[in-house]
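The data block below is model_35.txt; it holds compact mmCIF, N, CA and C atoms.
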```
# COMPACT_ATOMS: atom_id res chain seq x y z
N GLN A 1 -0.04 2.98 13.52
CA GLN A 1 -0.76 2.03 12.68
C GLN A 1 -0.56 2.36 11.21
N VAL A 2 -0.53 1.31 10.43
CA VAL A 2 -0.41 1.44 8.98
C VAL A 2 -1.61 0.76 8.36
N GLN A 3 -2.26 1.44 7.45
CA GLN A 3 -3.35 0.84 6.69
C GLN A 3 -2.86 0.60 5.27
N LEU A 4 -3.09 -0.60 4.79
CA LEU A 4 -2.66 -0.98 3.45
C LEU A 4 -3.89 -1.31 2.62
N VAL A 5 -3.96 -0.71 1.43
CA VAL A 5 -5.11 -0.95 0.55
C VAL A 5 -4.59 -1.37 -0.82
N GLU A 6 -4.95 -2.59 -1.21
CA GLU A 6 -4.55 -3.10 -2.51
C GLU A 6 -5.57 -2.74 -3.58
N SER A 7 -5.08 -2.64 -4.80
CA SER A 7 -5.96 -2.43 -5.94
C SER A 7 -5.27 -3.00 -7.18
N GLY A 8 -6.05 -3.15 -8.24
CA GLY A 8 -5.48 -3.60 -9.50
C GLY A 8 -5.76 -5.04 -9.86
N GLY A 9 -6.38 -5.77 -8.95
CA GLY A 9 -6.72 -7.15 -9.28
C GLY A 9 -7.85 -7.22 -10.29
N GLY A 10 -8.11 -8.43 -10.75
CA GLY A 10 -9.19 -8.61 -11.71
C GLY A 10 -9.07 -9.91 -12.44
N LEU A 11 -9.81 -10.01 -13.53
CA LEU A 11 -9.84 -11.20 -14.38
C LEU A 11 -9.00 -10.94 -15.62
N VAL A 12 -8.10 -11.86 -15.91
CA VAL A 12 -7.22 -11.69 -17.06
C VAL A 12 -7.02 -13.05 -17.72
N GLN A 13 -6.77 -13.05 -19.00
CA GLN A 13 -6.53 -14.31 -19.71
C GLN A 13 -5.08 -14.76 -19.54
N VAL A 14 -4.87 -16.03 -19.78
CA VAL A 14 -3.52 -16.58 -19.71
C VAL A 14 -2.59 -15.78 -20.62
N GLY A 15 -1.42 -15.46 -20.07
CA GLY A 15 -0.45 -14.68 -20.82
C GLY A 15 -0.60 -13.18 -20.67
N GLY A 16 -1.66 -12.77 -20.01
CA GLY A 16 -1.90 -11.34 -19.82
C GLY A 16 -1.10 -10.76 -18.67
N SER A 17 -1.37 -9.49 -18.40
CA SER A 17 -0.63 -8.77 -17.37
C SER A 17 -1.59 -8.00 -16.47
N LEU A 18 -1.15 -7.82 -15.24
CA LEU A 18 -1.84 -6.97 -14.29
C LEU A 18 -0.80 -6.24 -13.45
N ARG A 19 -1.17 -5.09 -12.97
CA ARG A 19 -0.30 -4.35 -12.05
C ARG A 19 -1.07 -4.08 -10.76
N LEU A 20 -0.59 -4.67 -9.71
CA LEU A 20 -1.19 -4.44 -8.40
C LEU A 20 -0.52 -3.26 -7.73
N SER A 21 -1.32 -2.51 -7.00
CA SER A 21 -0.80 -1.40 -6.21
C SER A 21 -1.21 -1.58 -4.75
N CYS A 22 -0.36 -1.11 -3.88
CA CYS A 22 -0.64 -1.14 -2.45
C CYS A 22 -0.35 0.25 -1.90
N ALA A 23 -1.41 0.95 -1.55
CA ALA A 23 -1.27 2.30 -1.03
C ALA A 23 -1.34 2.27 0.49
N ALA A 24 -0.41 2.93 1.11
CA ALA A 24 -0.35 2.93 2.57
C ALA A 24 -0.75 4.30 3.12
N SER A 25 -1.34 4.26 4.28
CA SER A 25 -1.66 5.49 4.99
C SER A 25 -1.37 5.28 6.47
N GLY A 26 -1.19 6.36 7.16
CA GLY A 26 -0.93 6.27 8.58
C GLY A 26 0.52 6.56 8.94
N ARG A 27 1.43 6.01 8.14
CA ARG A 27 2.85 6.24 8.37
C ARG A 27 3.59 6.15 7.04
N SER A 28 4.77 6.71 7.02
CA SER A 28 5.61 6.58 5.83
C SER A 28 6.11 5.15 5.72
N LEU A 29 6.13 4.64 4.50
CA LEU A 29 6.60 3.28 4.26
C LEU A 29 8.11 3.18 4.13
N SER A 30 8.79 4.30 4.17
CA SER A 30 10.22 4.30 3.84
C SER A 30 11.04 3.38 4.75
N ASN A 31 10.59 3.16 5.96
CA ASN A 31 11.34 2.31 6.89
C ASN A 31 10.78 0.89 6.96
N TYR A 32 9.85 0.57 6.11
CA TYR A 32 9.20 -0.72 6.13
C TYR A 32 9.69 -1.59 4.96
N ALA A 33 10.01 -2.81 5.27
CA ALA A 33 10.14 -3.79 4.19
C ALA A 33 8.72 -4.13 3.74
N MET A 34 8.54 -4.29 2.45
CA MET A 34 7.21 -4.51 1.89
C MET A 34 7.19 -5.80 1.09
N GLY A 35 6.02 -6.37 1.01
CA GLY A 35 5.93 -7.62 0.26
C GLY A 35 4.53 -7.89 -0.26
N TRP A 36 4.48 -8.86 -1.16
CA TRP A 36 3.22 -9.37 -1.69
C TRP A 36 3.15 -10.86 -1.40
N PHE A 37 2.02 -11.26 -0.86
CA PHE A 37 1.73 -12.66 -0.61
C PHE A 37 0.47 -13.03 -1.39
N ARG A 38 0.24 -14.31 -1.53
CA ARG A 38 -0.98 -14.75 -2.18
C ARG A 38 -1.49 -16.01 -1.52
N GLN A 39 -2.80 -16.20 -1.63
CA GLN A 39 -3.43 -17.39 -1.08
C GLN A 39 -4.50 -17.88 -2.02
N ALA A 40 -4.29 -19.07 -2.51
CA ALA A 40 -5.27 -19.72 -3.38
C ALA A 40 -6.20 -20.57 -2.52
N PRO A 41 -7.41 -20.88 -3.02
CA PRO A 41 -8.35 -21.69 -2.25
C PRO A 41 -7.74 -23.02 -1.82
N GLY A 42 -7.84 -23.33 -0.54
CA GLY A 42 -7.34 -24.59 -0.04
C GLY A 42 -5.84 -24.65 0.17
N LYS A 43 -5.17 -23.53 -0.04
CA LYS A 43 -3.71 -23.51 0.11
C LYS A 43 -3.29 -22.49 1.16
N GLU A 44 -2.07 -22.66 1.64
CA GLU A 44 -1.55 -21.71 2.61
C GLU A 44 -1.10 -20.43 1.91
N ARG A 45 -1.06 -19.35 2.69
CA ARG A 45 -0.57 -18.09 2.14
C ARG A 45 0.93 -18.22 1.89
N GLU A 46 1.37 -17.75 0.73
CA GLU A 46 2.77 -17.85 0.37
C GLU A 46 3.32 -16.49 -0.04
N GLY A 47 4.59 -16.30 0.26
CA GLY A 47 5.26 -15.08 -0.12
C GLY A 47 5.61 -15.10 -1.61
N VAL A 48 5.21 -14.09 -2.32
CA VAL A 48 5.45 -13.98 -3.75
C VAL A 48 6.70 -13.16 -4.03
N SER A 49 6.75 -11.98 -3.43
CA SER A 49 7.88 -11.10 -3.66
C SER A 49 7.98 -10.10 -2.52
N CYS A 50 9.21 -9.76 -2.16
CA CYS A 50 9.44 -8.80 -1.08
C CYS A 50 10.56 -7.84 -1.48
N ILE A 51 10.50 -6.63 -0.91
CA ILE A 51 11.49 -5.60 -1.22
C ILE A 51 11.92 -4.94 0.08
N SER A 52 13.21 -4.74 0.21
CA SER A 52 13.73 -4.22 1.48
C SER A 52 13.46 -2.73 1.61
N SER A 53 13.61 -2.24 2.84
CA SER A 53 13.43 -0.82 3.11
C SER A 53 14.72 -0.04 2.88
N SER A 54 15.85 -0.72 2.95
CA SER A 54 17.13 -0.03 2.96
C SER A 54 17.73 0.15 1.57
N ASP A 55 18.06 -0.98 0.93
CA ASP A 55 18.78 -0.89 -0.34
C ASP A 55 17.94 -1.30 -1.55
N GLY A 56 16.66 -1.57 -1.31
CA GLY A 56 15.80 -1.93 -2.43
C GLY A 56 16.02 -3.33 -2.96
N SER A 57 16.74 -4.15 -2.20
CA SER A 57 16.95 -5.53 -2.66
C SER A 57 15.61 -6.26 -2.67
N THR A 58 15.53 -7.24 -3.55
CA THR A 58 14.27 -7.93 -3.76
C THR A 58 14.42 -9.44 -3.66
N TYR A 59 13.29 -10.07 -3.45
CA TYR A 59 13.22 -11.53 -3.45
C TYR A 59 11.97 -11.92 -4.24
N TYR A 60 12.11 -13.00 -4.99
CA TYR A 60 10.97 -13.54 -5.73
C TYR A 60 10.87 -15.04 -5.48
N ALA A 61 9.67 -15.50 -5.30
CA ALA A 61 9.45 -16.94 -5.25
C ALA A 61 9.82 -17.52 -6.62
N SER A 62 10.30 -18.74 -6.62
CA SER A 62 10.74 -19.36 -7.87
C SER A 62 9.62 -19.44 -8.90
N SER A 63 8.39 -19.56 -8.41
CA SER A 63 7.25 -19.72 -9.32
C SER A 63 6.93 -18.44 -10.10
N VAL A 64 7.45 -17.30 -9.65
CA VAL A 64 7.13 -16.04 -10.33
C VAL A 64 8.36 -15.32 -10.86
N LYS A 65 9.54 -15.84 -10.56
CA LYS A 65 10.78 -15.18 -10.97
C LYS A 65 10.82 -15.05 -12.48
N GLY A 66 11.16 -13.86 -12.94
CA GLY A 66 11.21 -13.59 -14.37
C GLY A 66 9.90 -13.11 -14.95
N ARG A 67 8.82 -13.23 -14.19
CA ARG A 67 7.51 -12.79 -14.68
C ARG A 67 6.95 -11.62 -13.88
N PHE A 68 7.26 -11.60 -12.59
CA PHE A 68 6.75 -10.55 -11.70
C PHE A 68 7.88 -9.59 -11.32
N THR A 69 7.51 -8.33 -11.11
CA THR A 69 8.46 -7.33 -10.66
C THR A 69 7.86 -6.50 -9.55
N ILE A 70 8.55 -6.44 -8.43
CA ILE A 70 8.11 -5.61 -7.31
C ILE A 70 8.87 -4.29 -7.34
N SER A 71 8.19 -3.22 -6.97
CA SER A 71 8.84 -1.92 -6.89
C SER A 71 8.14 -1.09 -5.83
N ARG A 72 8.80 -0.04 -5.43
CA ARG A 72 8.21 0.84 -4.42
C ARG A 72 8.49 2.28 -4.75
N ASP A 73 7.54 3.13 -4.40
CA ASP A 73 7.69 4.57 -4.56
C ASP A 73 7.41 5.18 -3.19
N ASN A 74 8.46 5.44 -2.45
CA ASN A 74 8.28 5.94 -1.09
C ASN A 74 7.63 7.32 -1.07
N ALA A 75 7.87 8.10 -2.10
CA ALA A 75 7.25 9.43 -2.16
C ALA A 75 5.73 9.33 -2.25
N LYS A 76 5.26 8.27 -2.91
CA LYS A 76 3.82 8.05 -3.04
C LYS A 76 3.29 7.07 -2.00
N ASN A 77 4.20 6.57 -1.16
CA ASN A 77 3.80 5.61 -0.14
C ASN A 77 3.08 4.41 -0.75
N THR A 78 3.63 3.93 -1.83
CA THR A 78 2.96 2.88 -2.61
C THR A 78 3.97 1.83 -3.05
N VAL A 79 3.50 0.59 -3.05
CA VAL A 79 4.28 -0.54 -3.55
C VAL A 79 3.50 -1.18 -4.70
N TYR A 80 4.23 -1.66 -5.67
CA TYR A 80 3.60 -2.22 -6.87
C TYR A 80 4.07 -3.66 -7.09
N LEU A 81 3.24 -4.40 -7.79
CA LEU A 81 3.63 -5.72 -8.29
C LEU A 81 3.17 -5.82 -9.73
N GLN A 82 4.12 -5.76 -10.64
CA GLN A 82 3.83 -5.95 -12.05
C GLN A 82 3.86 -7.43 -12.35
N MET A 83 2.77 -7.95 -12.87
CA MET A 83 2.66 -9.37 -13.13
C MET A 83 2.45 -9.59 -14.63
N ASN A 84 3.40 -10.25 -15.24
CA ASN A 84 3.34 -10.54 -16.68
C ASN A 84 3.27 -12.04 -16.91
N SER A 85 2.90 -12.40 -18.12
CA SER A 85 2.83 -13.82 -18.51
C SER A 85 2.06 -14.64 -17.48
N LEU A 86 0.90 -14.16 -17.12
CA LEU A 86 0.14 -14.78 -16.05
C LEU A 86 -0.34 -16.17 -16.45
N LYS A 87 -0.38 -17.04 -15.44
CA LYS A 87 -0.77 -18.43 -15.62
C LYS A 87 -1.99 -18.73 -14.73
N PRO A 88 -2.74 -19.75 -15.05
CA PRO A 88 -3.89 -20.10 -14.19
C PRO A 88 -3.48 -20.34 -12.74
N GLU A 89 -2.30 -20.88 -12.52
CA GLU A 89 -1.84 -21.14 -11.15
C GLU A 89 -1.50 -19.87 -10.38
N ASP A 90 -1.53 -18.72 -11.04
CA ASP A 90 -1.35 -17.45 -10.34
C ASP A 90 -2.65 -16.96 -9.72
N THR A 91 -3.74 -17.64 -10.01
CA THR A 91 -5.03 -17.25 -9.46
C THR A 91 -5.02 -17.37 -7.93
N ALA A 92 -5.35 -16.26 -7.27
CA ALA A 92 -5.30 -16.22 -5.81
C ALA A 92 -5.76 -14.85 -5.34
N VAL A 93 -5.94 -14.73 -4.05
CA VAL A 93 -6.08 -13.41 -3.44
C VAL A 93 -4.68 -12.93 -3.10
N TYR A 94 -4.35 -11.74 -3.53
CA TYR A 94 -3.03 -11.18 -3.31
C TYR A 94 -3.10 -10.14 -2.18
N TYR A 95 -2.18 -10.30 -1.25
CA TYR A 95 -2.14 -9.44 -0.07
C TYR A 95 -0.83 -8.64 -0.03
N CYS A 96 -0.96 -7.39 0.32
CA CYS A 96 0.19 -6.54 0.58
C CYS A 96 0.57 -6.68 2.05
N ALA A 97 1.86 -6.60 2.33
CA ALA A 97 2.32 -6.76 3.71
C ALA A 97 3.45 -5.79 4.01
N ALA A 98 3.56 -5.43 5.28
CA ALA A 98 4.60 -4.48 5.70
C ALA A 98 5.23 -4.95 7.00
N VAL A 99 6.54 -4.76 7.08
CA VAL A 99 7.28 -5.09 8.29
C VAL A 99 8.20 -3.93 8.63
N LEU A 100 8.13 -3.48 9.88
CA LEU A 100 8.99 -2.37 10.30
C LEU A 100 10.31 -2.93 10.82
N ARG A 101 11.15 -3.29 9.90
CA ARG A 101 12.49 -3.75 10.26
C ARG A 101 13.35 -3.80 9.02
N SER A 102 14.63 -3.86 9.26
CA SER A 102 15.60 -4.00 8.18
C SER A 102 16.08 -5.43 8.14
N PHE A 103 16.03 -6.04 6.99
CA PHE A 103 16.45 -7.42 6.84
C PHE A 103 17.81 -7.50 6.16
N ARG A 104 18.64 -8.39 6.69
CA ARG A 104 19.90 -8.65 5.98
C ARG A 104 19.58 -9.30 4.64
N HIS A 105 18.63 -10.20 4.67
CA HIS A 105 18.15 -10.82 3.44
C HIS A 105 16.62 -10.74 3.45
N VAL A 106 16.07 -9.97 2.53
CA VAL A 106 14.63 -9.72 2.56
C VAL A 106 13.82 -10.97 2.27
N GLN A 107 14.49 -12.02 1.81
CA GLN A 107 13.80 -13.30 1.62
C GLN A 107 13.11 -13.73 2.92
N ALA A 108 13.71 -13.42 4.04
CA ALA A 108 13.14 -13.83 5.32
C ALA A 108 11.72 -13.33 5.49
N MET A 109 11.46 -12.13 5.03
CA MET A 109 10.11 -11.58 5.15
C MET A 109 9.11 -12.44 4.37
N CYS A 110 9.53 -12.88 3.21
CA CYS A 110 8.62 -13.62 2.35
C CYS A 110 8.37 -15.06 2.82
N VAL A 111 9.32 -15.63 3.53
CA VAL A 111 9.17 -17.03 3.90
C VAL A 111 8.72 -17.21 5.34
N ILE A 112 8.64 -16.12 6.11
CA ILE A 112 8.19 -16.20 7.50
C ILE A 112 7.03 -15.22 7.69
N PRO A 113 5.82 -15.59 7.30
CA PRO A 113 4.67 -14.68 7.42
C PRO A 113 4.42 -14.20 8.85
N ALA A 114 4.91 -14.95 9.83
CA ALA A 114 4.72 -14.53 11.22
C ALA A 114 5.42 -13.21 11.54
N LEU A 115 6.36 -12.81 10.67
CA LEU A 115 7.09 -11.56 10.89
C LEU A 115 6.27 -10.33 10.51
N ILE A 116 5.22 -10.52 9.73
CA ILE A 116 4.48 -9.40 9.17
C ILE A 116 3.79 -8.59 10.26
N ASP A 117 3.97 -7.26 10.18
CA ASP A 117 3.31 -6.36 11.12
C ASP A 117 1.92 -5.95 10.64
N TYR A 118 1.80 -5.72 9.34
CA TYR A 118 0.53 -5.23 8.80
C TYR A 118 0.19 -5.96 7.51
N TRP A 119 -1.09 -6.25 7.35
CA TRP A 119 -1.62 -6.88 6.14
C TRP A 119 -2.69 -5.98 5.52
N GLY A 120 -2.75 -6.02 4.20
CA GLY A 120 -3.88 -5.44 3.52
C GLY A 120 -5.03 -6.43 3.49
N GLN A 121 -6.15 -6.02 2.92
CA GLN A 121 -7.33 -6.88 2.90
C GLN A 121 -7.35 -7.81 1.70
N GLY A 122 -6.50 -7.56 0.73
CA GLY A 122 -6.37 -8.47 -0.39
C GLY A 122 -7.14 -8.03 -1.62
N THR A 123 -6.65 -8.47 -2.76
CA THR A 123 -7.32 -8.22 -4.04
C THR A 123 -7.27 -9.50 -4.85
N GLN A 124 -8.39 -9.83 -5.47
CA GLN A 124 -8.51 -11.10 -6.20
C GLN A 124 -7.89 -10.98 -7.58
N VAL A 125 -7.07 -11.96 -7.92
CA VAL A 125 -6.53 -12.09 -9.27
C VAL A 125 -6.99 -13.44 -9.80
N THR A 126 -7.64 -13.41 -10.95
CA THR A 126 -8.12 -14.64 -11.57
C THR A 126 -7.59 -14.70 -13.00
N VAL A 127 -6.91 -15.79 -13.30
CA VAL A 127 -6.33 -15.98 -14.63
C VAL A 127 -7.11 -17.11 -15.31
N SER A 128 -7.76 -16.78 -16.39
CA SER A 128 -8.58 -17.77 -17.08
C SER A 128 -7.83 -18.36 -18.26
N SER A 129 -8.08 -19.65 -18.48
CA SER A 129 -7.39 -20.36 -19.58
C SER A 129 -8.29 -20.50 -20.78
```
Would it be possible to restate this file's structure as structure tokens?
Amino acid sequence: QVQLVESGGGLVQVGGSLRLSCAASGRSLSNYAMGWFRQAPGKEREGVSCISSSDGSTYYASSVKGRFTISRDNAKNTVYLQMNSLKPEDTAVYYCAAVLRSFRHVQAMCVIPALIDYWGQGTQVTVSS
């Protein structure tokens, strides 16, 4: 079992930045593809960014490309999401996710939530205008 705990959410003004962290316990994350998803009220959960377990390749949803950066520190068993130039439409609960598999294209993890093995409980991000 893997337990994922997100932190770093909060209230920020438009144009501001936040850094989300996802700390894992139970197993090493080194063999897991990791990702961040978000769900706004009344909307489906969507993949924001994912990072592979093997070569560190990344995927970003078009809505966040150029503003968000995903990274991982396997030694700390932690994954991060740096969010810059935040917009009101980024307001959502952000969830960390883990999949124990290697993807040829890590985009698959982000666009097929049914593949996810483990979810965190989520952290609220609110961007005020």
Which residues of segment 64-87 of chain A have any atom within 8 Å of an atom in segment 41-57 of chain A when counting all atoms listed in the file, and what is the closest pair of atoms for each, with the distance in Å to one decimal? Order the rows by chain and rising number and write it as CSV.
```
residue,atom,partner,partner_atom,distance
A:Val64,CA,A:Val48,C,6.9
A:Lys65,N,A:Val48,C,7.6
A:Phe68,C,A:Ser49,CA,7.8
A:Thr69,C,A:Ser49,CA,7.5
A:Ile70,CA,A:Ser49,C,6.6
A:Ser71,N,A:Ile51,CA,7.0
A:Arg72,N,A:Ile51,CA,7.5
```
Selection export as a JSON list (two decimals), in the frame of the given file, atoms kept: N, CA and C atoms:
```
[["chain", "number", "residue", "atom", "x", "y", "z"],
["A", 64, "VAL", "N", 7.45, -17.30, -9.65],
["A", 64, "VAL", "CA", 7.13, -16.04, -10.33],
["A", 64, "VAL", "C", 8.36, -15.32, -10.86],
["A", 65, "LYS", "N", 9.54, -15.84, -10.56],
["A", 65, "LYS", "CA", 10.78, -15.18, -10.97],
["A", 65, "LYS", "C", 10.82, -15.05, -12.48],
["A", 68, "PHE", "N", 7.26, -11.60, -12.59],
["A", 68, "PHE", "CA", 6.75, -10.55, -11.70],
["A", 68, "PHE", "C", 7.88, -9.59, -11.32],
["A", 69, "THR", "N", 7.51, -8.33, -11.11],
["A", 69, "THR", "CA", 8.46, -7.33, -10.66],
["A", 69, "THR", "C", 7.86, -6.50, -9.55],
["A", 70, "ILE", "N", 8.55, -6.44, -8.43],
["A", 70, "ILE", "CA", 8.11, -5.61, -7.31],
["A", 70, "ILE", "C", 8.87, -4.29, -7.34],
["A", 71, "SER", "N", 8.19, -3.22, -6.97],
["A", 71, "SER", "CA", 8.84, -1.92, -6.89],
["A", 71, "SER", "C", 8.14, -1.09, -5.83],
["A", 72, "ARG", "N", 8.80, -0.04, -5.43],
["A", 72, "ARG", "CA", 8.21, 0.84, -4.42],
["A", 72, "ARG", "C", 8.49, 2.28, -4.75]]
```
Box for segment 75-85 of chain A: with edges along x, y and z, all listed atoms inside and 5 Å added on each side, what are the centre and edge lengths in Å to one decimal, as lines of an AutoDock Vina configuration file?
```
center_x = 5.0
center_y = -2.6
center_z = -9.3
size_x = 15.8
size_y = 34.1
size_z = 28.4
```
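Residues of segment 67-121 of chain A assigned to strand (DSSP E or B) by DSSP on this structure's backbone: Phe68, Thr69, Ile70, Ser71, Arg72, Asp73, Thr78, Val79, Tyr80, Leu81, Gln82, Met83, Ala92, Val93, Tyr94, Tyr95, Cys96, Ala97, Ala98, Val99, Tyr118 and Trp119 of chain A.
When only C-alpha atoms are used to measure the gap to Ala98 of chain A, the shortest distance among A:Ala40, A:Leu115, A:Leu81, A:Ala61 belongs to A:Leu115.
Atom N of Val111 of chain A sits 13.0 Å away from atom N of Ala33 of chain A.
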With all atoms listed in the file as the counted atoms, please give the residues lying no more than 7 Å from Gln107 of chain A, apart from itself and same-chain residues fewer than 6 positions off, as a PDB file with N, CA and C atoms, in the frame of the given file.
```pdb
ATOM      1  N   CYS A  50       9.210  -9.760  -2.160  1.00  0.00           N
ATOM      2  CA  CYS A  50       9.440  -8.800  -1.080  1.00  0.00           C
ATOM      3  C   CYS A  50      10.560  -7.840  -1.480  1.00  0.00           C
ATOM      4  N   THR A  58      15.530  -7.240  -3.550  1.00  0.00           N
ATOM      5  CA  THR A  58      14.270  -7.930  -3.760  1.00  0.00           C
ATOM      6  C   THR A  58      14.420  -9.440  -3.660  1.00  0.00           C
ATOM      7  N   TYR A  59      13.290 -10.070  -3.450  1.00  0.00           N
ATOM      8  CA  TYR A  59      13.220 -11.530  -3.450  1.00  0.00           C
ATOM      9  C   TYR A  59      11.970 -11.920  -4.240  1.00  0.00           C
ATOM     10  N   TYR A  60      12.110 -13.000  -4.990  1.00  0.00           N
ATOM     11  CA  TYR A  60      10.970 -13.540  -5.730  1.00  0.00           C
ATOM     12  C   TYR A  60      10.870 -15.040  -5.480  1.00  0.00           C
TER      13      TYR A  60
END
```
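Using all atoms listed in the file, the shortest contact distance between Ser7 of chain A and any of A:Thr91, A:Thr78, A:Thr123, A:Ser129 is found at A:Thr123.
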One-decimal distance in Å that lies between atom N of Ser62 of chain A and atom N of Ala23 of chain A: 23.5 Å
List as JSON, numbers by chain the protein and nucleic acid residues near Glu89 of chain A, meaning an atom at most 10 Å away when only C-alpha atoms are counted, but skip any in the same chain fewer than 2 places from it. {"A": [14, 40, 63, 86, 87, 91, 92, 126, 127, 128]}
Write the residues of the selection above to a file with N, CA and C atoms, as a compact mmCIF listing (two decimals), keeping the file's coordinate frame.
```
# COMPACT_ATOMS: atom_id res chain seq x y z
N VAL A 14 -4.87 -16.03 -19.78
CA VAL A 14 -3.52 -16.58 -19.71
C VAL A 14 -2.59 -15.78 -20.62
N ALA A 40 -4.29 -19.07 -2.51
CA ALA A 40 -5.27 -19.72 -3.38
C ALA A 40 -6.20 -20.57 -2.52
N SER A 63 8.39 -19.56 -8.41
CA SER A 63 7.25 -19.72 -9.32
C SER A 63 6.93 -18.44 -10.10
N LEU A 86 0.90 -14.16 -17.12
CA LEU A 86 0.14 -14.78 -16.05
C LEU A 86 -0.34 -16.17 -16.45
N LYS A 87 -0.38 -17.04 -15.44
CA LYS A 87 -0.77 -18.43 -15.62
C LYS A 87 -1.99 -18.73 -14.73
N THR A 91 -3.74 -17.64 -10.01
CA THR A 91 -5.03 -17.25 -9.46
C THR A 91 -5.02 -17.37 -7.93
N ALA A 92 -5.35 -16.26 -7.27
CA ALA A 92 -5.30 -16.22 -5.81
C ALA A 92 -5.76 -14.85 -5.34
N THR A 126 -7.64 -13.41 -10.95
CA THR A 126 -8.12 -14.64 -11.57
C THR A 126 -7.59 -14.70 -13.00
N VAL A 127 -6.91 -15.79 -13.30
CA VAL A 127 -6.33 -15.98 -14.63
C VAL A 127 -7.11 -17.11 -15.31
N SER A 128 -7.76 -16.78 -16.39
CA SER A 128 -8.58 -17.77 -17.08
C SER A 128 -7.83 -18.36 -18.26
```
Might you pull out every residue within 7 Å of Glu6 of chain A, with only C-alpha atoms counted and same-chain residues fewer than 5 positions away left off, and present them as a VMD selection string? chain A and resid 20 to 23 96 120 122 to 123
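Atom C of Gly26 of chain A sits 12.4 Å away from atom CA of Leu100 of chain A.
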